[in-house]
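> My file is coords_10.csv. It has CSV, C-alpha atoms:
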chain,number,residue,atom,x,y,z
G,1103,MET,CA,-3.3,-13.8,-14.7
G,1104,LEU,CA,-2.7,-10.0,-14.2
G,1105,GLU,CA,1.0,-10.2,-14.0
G,1106,GLY,CA,2.5,-6.7,-14.5
G,1107,LYS,CA,-0.9,-5.0,-15.2
G,1108,VAL,CA,-1.5,-1.6,-13.6
G,1109,ALA,CA,-4.9,-1.4,-12.0
G,1110,LEU,CA,-6.4,1.8,-10.5
G,1111,ILE,CA,-9.2,1.1,-8.0
G,1112,THR,CA,-11.3,3.9,-6.5
G,1113,GLY,CA,-13.0,3.4,-3.2
G,1114,ALA,CA,-10.6,0.8,-2.1
G,1115,SER,CA,-10.5,1.3,1.7
G,1116,GLN,CA,-13.2,-1.2,2.5
G,1117,GLY,CA,-15.8,-3.6,1.1
G,1118,LEU,CA,-15.6,-4.5,-2.6
G,1119,GLY,CA,-12.8,-2.1,-3.4
G,1120,ARG,CA,-10.5,-3.6,-0.7
G,1121,ALA,CA,-11.4,-7.1,-1.8
G,1122,LEU,CA,-10.5,-6.3,-5.4
G,1123,ALA,CA,-7.2,-4.8,-4.5
G,1124,LEU,CA,-6.2,-7.9,-2.6
G,1125,ALA,CA,-7.5,-10.3,-5.4
G,1126,TYR,CA,-5.6,-8.3,-8.0
G,1127,ALA,CA,-2.5,-8.3,-5.9
G,1128,LYS,CA,-2.6,-12.1,-5.6
G,1129,GLU,CA,-2.7,-12.3,-9.4
G,1130,GLY,CA,0.4,-10.1,-9.9
G,1131,ALA,CA,-1.1,-6.7,-10.7
G,1132,ARG,CA,0.5,-3.5,-9.6
G,1133,LEU,CA,-2.0,-1.4,-7.7
G,1134,VAL,CA,-3.1,2.2,-7.4
G,1135,ILE,CA,-5.7,2.4,-4.7
G,1136,ASN,CA,-7.7,5.3,-3.6
G,1137,SER,CA,-10.0,6.6,-0.9
G,1138,ARG,CA,-10.8,10.0,0.4
G,1139,SER,CA,-8.5,9.8,3.5
G,1140,GLU,CA,-5.0,8.7,4.1
G,1141,GLU,CA,-6.1,6.9,7.3
G,1142,GLY,CA,-8.7,4.9,5.2
G,1143,ILE,CA,-6.4,3.7,2.5
G,1144,ARG,CA,-3.1,3.1,4.3
G,1145,PRO,CA,-4.1,-0.2,6.0
G,1146,VAL,CA,-5.2,-1.7,2.7
G,1147,ALA,CA,-1.9,-0.6,1.1
G,1148,ARG,CA,-0.1,-2.5,3.9
G,1149,GLU,CA,-2.2,-5.6,3.2
G,1150,VAL,CA,-1.4,-5.4,-0.5
G,1151,GLU,CA,2.3,-5.0,0.2
G,1152,GLY,CA,2.1,-8.0,2.5
G,1153,LEU,CA,1.1,-10.0,-0.6
G,1154,GLY,CA,4.2,-8.9,-2.4
G,1155,ALA,CA,2.5,-6.5,-4.8
G,1156,GLU,CA,3.7,-3.0,-5.7
G,1157,VAL,CA,1.2,-0.4,-4.6
G,1158,LEU,CA,0.6,3.3,-4.7
G,1159,ALA,CA,-2.0,4.6,-2.2
G,1160,VAL,CA,-3.5,8.0,-3.0
G,1161,ALA,CA,-5.9,9.9,-0.8
G,1162,ALA,CA,-8.2,11.9,-3.1
G,1163,ASP,CA,-11.8,13.0,-3.3
G,1164,VAL,CA,-12.6,11.8,-6.9
G,1165,SER,CA,-15.7,13.9,-7.0
G,1166,LYS,CA,-13.4,16.9,-7.4
G,1167,GLY,CA,-11.7,17.5,-10.7
G,1168,GLU,CA,-8.4,18.5,-9.3
G,1169,ASP,CA,-8.2,15.4,-7.1
G,1170,ALA,CA,-9.2,13.1,-9.9
G,1171,ARG,CA,-6.5,14.5,-12.1
G,1172,ARG,CA,-3.9,14.3,-9.4
G,1173,LEU,CA,-4.9,10.6,-8.7
G,1174,VAL,CA,-4.3,9.7,-12.4
G,1175,GLU,CA,-1.2,11.8,-12.7
G,1176,GLU,CA,0.4,10.1,-9.7
G,1177,ALA,CA,-0.6,6.7,-11.1
G,1178,VAL,CA,1.0,7.5,-14.5
G,1179,GLY,CA,4.0,9.1,-12.8
G,1180,ARG,CA,4.7,5.9,-10.9
G,1181,PHE,CA,3.8,3.2,-13.4
G,1182,GLY,CA,3.8,4.9,-16.8
G,1183,GLY,CA,0.2,4.1,-17.8
G,1184,ILE,CA,-2.9,2.3,-16.7
G,1185,ASP,CA,-4.3,-1.1,-17.9
G,1186,VAL,CA,-7.4,-1.4,-15.7
G,1187,LEU,CA,-9.6,1.3,-14.2
G,1188,ILE,CA,-12.3,0.3,-11.7
G,1189,ASN,CA,-14.8,3.0,-10.9
G,1190,ASN,CA,-16.0,1.7,-7.6
G,1191,ALA,CA,-16.1,4.6,-5.1
G,1192,GLY,CA,-19.6,5.5,-4.0
G,1193,VAL,CA,-22.0,6.4,-1.2
G,1194,LEU,CA,-25.5,5.3,-0.4
G,1195,GLY,CA,-27.2,8.5,0.8
G,1196,PRO,CA,-30.6,8.6,2.6
G,1197,ARG,CA,-33.2,6.0,2.0
G,1198,VAL,CA,-36.2,8.4,1.8
G,1199,ALA,CA,-38.8,9.5,-0.8
G,1200,ILE,CA,-37.9,12.1,-3.4
G,1201,GLU,CA,-40.2,14.6,-1.8
G,1202,GLU,CA,-38.2,14.3,1.4
G,1203,TYR,CA,-34.8,14.1,-0.2
G,1204,PRO,CA,-32.4,16.9,0.9
G,1205,GLU,CA,-30.9,18.8,-1.9
G,1206,ASP,CA,-27.4,18.8,-0.4
G,1207,GLU,CA,-27.5,15.0,0.0
G,1208,TRP,CA,-28.7,14.6,-3.6
G,1209,ARG,CA,-25.7,16.6,-4.9
G,1210,ARG,CA,-23.3,14.8,-2.6
G,1211,VAL,CA,-24.4,11.3,-3.8
G,1212,ILE,CA,-24.5,12.3,-7.5
G,1213,ASP,CA,-21.1,13.9,-7.2
G,1214,ALA,CA,-19.6,10.8,-5.5
G,1215,ASN,CA,-21.3,8.1,-7.6
G,1216,LEU,CA,-21.5,9.7,-11.1
G,1217,THR,CA,-19.4,12.8,-11.4
G,1218,GLY,CA,-16.5,11.1,-9.7
G,1219,PRO,CA,-16.3,8.2,-12.3
G,1220,TYR,CA,-16.7,10.7,-15.1
G,1221,LEU,CA,-13.8,12.8,-13.8
G,1222,VAL,CA,-11.5,9.8,-13.2
G,1223,SER,CA,-12.4,8.3,-16.6
G,1224,ARG,CA,-11.8,11.6,-18.4
G,1225,ALA,CA,-8.4,11.9,-16.8
G,1226,ALA,CA,-7.5,8.3,-17.2
G,1227,VAL,CA,-8.6,7.6,-20.8
G,1228,PRO,CA,-5.5,9.2,-22.5
G,1229,HIS,CA,-3.3,7.0,-20.4
G,1230,LEU,CA,-5.1,3.7,-20.9
G,1231,ARG,CA,-2.9,1.2,-22.8
G,1232,GLU,CA,-4.2,-0.7,-25.8
G,1233,GLY,CA,-6.1,-3.7,-24.5
G,1234,GLY,CA,-7.1,-1.8,-21.4
G,1235,SER,CA,-10.3,-2.3,-19.4
G,1236,ILE,CA,-12.7,0.0,-17.6
G,1237,ILE,CA,-15.0,-1.7,-15.1
G,1238,ASN,CA,-17.9,0.4,-13.8
G,1239,VAL,CA,-19.7,-0.8,-10.6
G,1240,VAL,CA,-23.4,-0.5,-11.0
G,1241,SER,CA,-26.4,-1.9,-9.0
G,1242,GLY,CA,-29.6,-3.8,-9.1
G,1243,VAL,CA,-31.3,-0.4,-8.7
G,1244,SER,CA,-29.6,1.0,-11.8
G,1245,VAL,CA,-31.9,-0.9,-14.2
G,1246,GLU,CA,-35.1,-0.7,-12.1
G,1247,GLY,CA,-36.1,2.4,-10.2
G,1248,ARG,CA,-37.3,1.5,-6.7
G,1249,ALA,CA,-39.0,3.6,-4.0
G,1250,GLU,CA,-36.7,5.4,-1.6
G,1251,TRP,CA,-33.5,4.8,-3.4
G,1252,GLY,CA,-33.3,8.4,-4.6
G,1253,ALA,CA,-29.9,9.7,-5.8
G,1254,TYR,CA,-28.1,6.4,-5.4
G,1255,SER,CA,-30.4,4.7,-8.0
G,1256,VAL,CA,-30.3,7.7,-10.3
G,1257,SER,CA,-26.5,7.9,-10.1
G,1258,LYS,CA,-26.2,4.2,-10.9
G,1259,PHE,CA,-28.6,4.6,-13.9
G,1260,GLY,CA,-26.1,7.2,-15.1
G,1261,MET,CA,-23.2,4.8,-14.6
G,1262,GLU,CA,-24.9,2.4,-16.9
G,1263,GLY,CA,-24.9,5.1,-19.6
G,1264,LEU,CA,-21.4,6.2,-18.9
G,1265,SER,CA,-20.2,2.7,-19.3
G,1266,GLN,CA,-21.9,2.3,-22.7
G,1267,ILE,CA,-20.6,5.6,-23.9
G,1268,LEU,CA,-17.1,4.7,-23.0
G,1269,ALA,CA,-17.4,1.4,-24.8
G,1270,ALA,CA,-18.6,3.1,-28.0
G,1271,GLU,CA,-15.9,5.8,-27.8
G,1272,LEU,CA,-12.9,3.6,-27.0
G,1273,GLU,CA,-13.6,0.4,-29.0
G,1274,GLY,CA,-11.5,1.7,-31.9
G,1275,ARG,CA,-8.5,2.0,-29.5
G,1276,GLY,CA,-8.8,-1.5,-28.2
G,1277,VAL,CA,-10.0,-0.4,-24.8
G,1278,ARG,CA,-13.1,-2.0,-23.4
G,1279,SER,CA,-15.7,-0.8,-20.9
G,1280,ASN,CA,-18.2,-2.9,-19.0
G,1281,ALA,CA,-20.6,-2.6,-16.1
G,1282,VAL,CA,-20.8,-5.0,-13.2
G,1283,ASP,CA,-23.6,-5.4,-10.7
G,1284,PRO,CA,-22.0,-7.0,-7.7
G,1285,GLY,CA,-25.4,-7.9,-6.1
G,1286,GLY,CA,-25.9,-7.9,-2.3
G,1287,MET,CA,-22.8,-8.5,-0.3
G,1288,ARG,CA,-21.8,-8.4,3.4
G,1289,THR,CA,-20.7,-4.8,3.5
G,1290,ASP,CA,-21.3,-1.7,5.6
G,1291,MET,CA,-23.3,-0.1,2.7
G,1292,ARG,CA,-25.6,-3.1,2.4
G,1293,ALA,CA,-26.1,-3.1,6.2
G,1294,ALA,CA,-27.1,0.6,6.1
G,1295,ALA,CA,-29.5,0.0,3.2
G,1296,TYR,CA,-31.1,-3.1,4.8
G,1297,PRO,CA,-30.7,-2.8,8.5
G,1298,GLU,CA,-33.2,-5.6,9.2
G,1299,GLU,CA,-31.3,-8.1,7.1
G,1300,ASP,CA,-29.0,-10.8,8.6
G,1301,PRO,CA,-25.6,-10.0,6.9
G,1302,ARG,CA,-24.7,-13.7,7.2
G,1303,THR,CA,-27.2,-14.4,4.4
G,1304,ARG,CA,-25.0,-12.5,2.0
G,1305,ILE,CA,-21.6,-13.5,0.5
G,1306,THR,CA,-18.5,-11.5,1.3
G,1307,PRO,CA,-16.8,-9.2,-1.2
G,1308,GLU,CA,-13.8,-11.5,-1.2
G,1309,GLU,CA,-16.1,-14.3,-2.6
G,1310,ASN,CA,-17.3,-12.0,-5.4
G,1311,THR,CA,-14.3,-11.1,-7.4
G,1312,ALA,CA,-14.3,-13.6,-10.3
G,1313,VAL,CA,-16.0,-11.4,-12.9
G,1314,PHE,CA,-13.7,-8.5,-12.0
G,1315,LEU,CA,-10.6,-10.7,-12.5
G,1316,TYR,CA,-12.0,-11.9,-15.9
G,1317,LEU,CA,-12.7,-8.4,-17.1
G,1318,ALA,CA,-9.2,-7.2,-16.1
G,1319,SER,CA,-7.5,-10.2,-17.8
G,1320,ASP,CA,-6.6,-10.7,-21.4
G,1321,GLU,CA,-9.3,-13.4,-21.6
G,1322,SER,CA,-12.0,-10.7,-21.9
G,1323,GLU,CA,-10.3,-9.1,-24.9
G,1324,GLY,CA,-13.0,-7.8,-27.2
G,1325,VAL,CA,-15.7,-8.0,-24.6
G,1326,THR,CA,-17.1,-4.5,-24.3
G,1327,GLY,CA,-20.4,-2.6,-23.7
G,1328,GLN,CA,-21.8,-5.4,-21.6
G,1329,ARG,CA,-23.4,-5.7,-18.2
G,1330,PHE,CA,-22.5,-8.5,-15.9
G,1331,LYS,CA,-24.1,-9.8,-12.7
G,1332,ALA,CA,-21.2,-10.8,-10.5
G,1333,GLN,CA,-23.0,-13.5,-8.5
G,1334,ALA,CA,-24.3,-15.1,-11.7
G,1335,PHE,CA,-20.9,-15.1,-13.5
G,1336,THR,CA,-19.2,-18.3,-14.7
G,1337,TRP,CA,-15.8,-18.1,-16.3
G,1338,PRO,CA,-16.2,-18.7,-20.1
G,1339,GLN,CA,-14.8,-21.9,-21.4
G,1340,SER,CA,-11.8,-21.5,-23.6
G,1341,SER,CA,-12.4,-22.6,-27.2
Using structure tokens, write down the structure from this file.


Amino acid sequence: MLEGKVALITGASQGLGRALALAYAKEGARLVINSRSEEGIRPVAREVEGLGAEVLAVAADVSKGEDARRLVEEAVGRFGGIDVLINNAGVLGPRVAIEEYPEDEWRRVIDANLTGPYLVSRAAVPHLREGGSIINVVSGVSVEGRAEWGAYSVSKFGMEGLSQILAAELEGRGVRSNAVDPGGMRTDMRAAAYPEEDPRTRITPEENTAVFLYLASDESEGVTGQRFKAQAFTWPQSS
């Protein structure tokens, strides 16, 4: 399905990012995977290699312009271009009211969740091949503001806008941009957000990759500017 495509996935050391790297590898993609630390991303690279896929692991803090540029430059230097970009990296931040929200934490969350995707997208756009796909990970709290979700919610609202702007700007080049709300999954971030919840009531990230495979594949050609709920997705029937 993704044979030969080059996919760059940020935040790939755990959770959804790791699951997507493995799912794409199984479908024949060549991977560029990223996290902030070498220790975090190296084990996933070994898993991907174990599936027979070619992989480049890059430790970079994508909230910093220099790191974002280096990530893309290394990807292009290795593979010549990019077919799929998944802006997945993000942090939760504190679950407190706005009046109690620390300024340094606000800036940290906005930088990681919104500035980072902007920086990576800006660097990657010139290298996206025709027919390319940008997939931006959003959230249930990016269309409805909820109490004590603070900078995380605001950053994901911003991601909705960034995704639509990229769709409008790149449509003429044959590059599509879509947003995906993964829904609640059995991840460390979900556990931190809902410590009282039994994680066994949620699906695993590995069970939640179908829409991401669809949007990376040629079957989603022409699909752009849309928002998908991953757990409600059903693969469109071929006409």

> Tell me, as an mmCIF file with C-alpha atoms, in the frame of the given file, which residues lie within 7 Å of segment 1225-1240 of chain G, counting only C-alpha atoms; anything in the same chain fewer than 2 positions away does not count.


data_model
loop_
_atom_site.group_PDB
_atom_site.id
_atom_site.type_symbol
_atom_site.label_atom_id
_atom_site.label_comp_id
_atom_site.auth_asym_id
_atom_site.auth_seq_id
_atom_site.Cartn_x
_atom_site.Cartn_y
_atom_site.Cartn_z
ATOM 1 C CA ARG G 1171 -6.500 14.500 -12.100
ATOM 2 C CA VAL G 1174 -4.300 9.700 -12.400
ATOM 3 C CA GLY G 1183 0.200 4.100 -17.800
ATOM 4 C CA ILE G 1184 -2.900 2.300 -16.700
ATOM 5 C CA ASP G 1185 -4.300 -1.100 -17.900
ATOM 6 C CA VAL G 1186 -7.400 -1.400 -15.700
ATOM 7 C CA LEU G 1187 -9.600 1.300 -14.200
ATOM 8 C CA ILE G 1188 -12.300 0.300 -11.700
ATOM 9 C CA ASN G 1189 -14.800 3.000 -10.900
ATOM 10 C CA ASN G 1190 -16.000 1.700 -7.600
ATOM 11 C CA LEU G 1221 -13.800 12.800 -13.800
ATOM 12 C CA VAL G 1222 -11.500 9.800 -13.200
ATOM 13 C CA SER G 1223 -12.400 8.300 -16.600
ATOM 14 C CA SER G 1244 -29.600 1.000 -11.800
ATOM 15 C CA LYS G 1258 -26.200 4.200 -10.900
ATOM 16 C CA MET G 1261 -23.200 4.800 -14.600
ATOM 17 C CA GLU G 1262 -24.900 2.400 -16.900
ATOM 18 C CA SER G 1265 -20.200 2.700 -19.300
ATOM 19 C CA ARG G 1275 -8.500 2.000 -29.500
ATOM 20 C CA GLY G 1276 -8.800 -1.500 -28.200
ATOM 21 C CA VAL G 1277 -10.000 -0.400 -24.800
ATOM 22 C CA ARG G 1278 -13.100 -2.000 -23.400
ATOM 23 C CA SER G 1279 -15.700 -0.800 -20.900
ATOM 24 C CA ASN G 1280 -18.200 -2.900 -19.000
ATOM 25 C CA ALA G 1281 -20.600 -2.600 -16.100
ATOM 26 C CA VAL G 1282 -20.800 -5.000 -13.200
ATOM 27 C CA ASP G 1283 -23.600 -5.400 -10.700
ATOM 28 C CA LEU G 1317 -12.700 -8.400 -17.100
ATOM 29 C CA ALA G 1318 -9.200 -7.200 -16.100
ATOM 30 C CA GLU G 1323 -10.300 -9.100 -24.900
#

> Excluding same-chain residues fewer than 3 positions from Phe1259 of chain G, what lies within 9 Å of it counting all atoms listed in the file, as an MDAnalysis selection string?

chainID G and resid 1240:1241 1243:1247 1254:1256 1262:1264

> Taking all atoms listed in the file into account, name the residue in G:Val1313, G:Arg1288, G:Gly1324, G:Val1193 that is nearest to Pro1301 of chain G.

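Counting all atoms listed in the file, the residue closest to Pro1301 of chain G is G:Arg1288.
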
> Which is closer to Ala1170 of chain G than all the others in G:Arg1224, G:Arg1209, G:Val1150, G:Gly1242, using all atoms listed in the file?

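Among G:Arg1224, G:Arg1209, G:Val1150, G:Gly1242, it is G:Arg1224 that comes nearest to Ala1170 of chain G.
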
> So how far away is atom CA of Gln1266 of chain G from atom CA of Ala1121 of chain G, in Å?

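These atoms are spaced 25.2 Å apart.
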
> Work out how far atom CA of Leu1173 of chain G is from atom CA of Gly1154 of chain G, in Å to one decimal.

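Spanning atom CA of Gly1154 of chain G to atom CA of Leu1173 of chain G is a straight-line distance of 22.4 Å.
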
> Find the residue from G:Ala1295, G:Val1108, G:Ile1267, G:Ile1143 that sits nearest to Ala1159 of chain G; use only C-alpha atoms when measuring.

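Closest to Ala1159 of chain G, using only C-alpha atoms: G:Ile1143.
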
> Can you pull out the residues contacting Ala1123 of chain G? Cut-off 8 Å, using all atoms listed in the file, and skip same-chain residues under 3 positions away; I want them as a list of chain:residue names.

G:Ile1111, G:Ala1114, G:Gly1119, G:Arg1120, G:Tyr1126, G:Ala1127, G:Leu1133, G:Ile1135, G:Val1150

> Point out the residue among G:Gly1152, G:Pro1145, G:Gly1252, G:Gly1106 with the least atom-to-atom distance to Val1198 of chain G, counting all atoms listed in the file.

G:Gly1252

> With only C-alpha atoms counted, which protein, DNA or RNA residues have an atom no more than 7 Å from (-1.8, 4.3, -7.7) in the file frame? Please answer as a list in words.

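Residues with an atom at most 7 Å from (-1.8, 4.3, -7.7): Leu1110, Leu1133, Val1134, Ile1135, Val1157, Leu1158, Ala1159, Val1160, Glu1176 and Ala1177 of chain G.
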
> Quote the spacing between atom CA of Gly1117 of chain G and atom CA of Leu1272 of chain G in Å to one decimal place.

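Distance between the two atoms: 29.2 Å.
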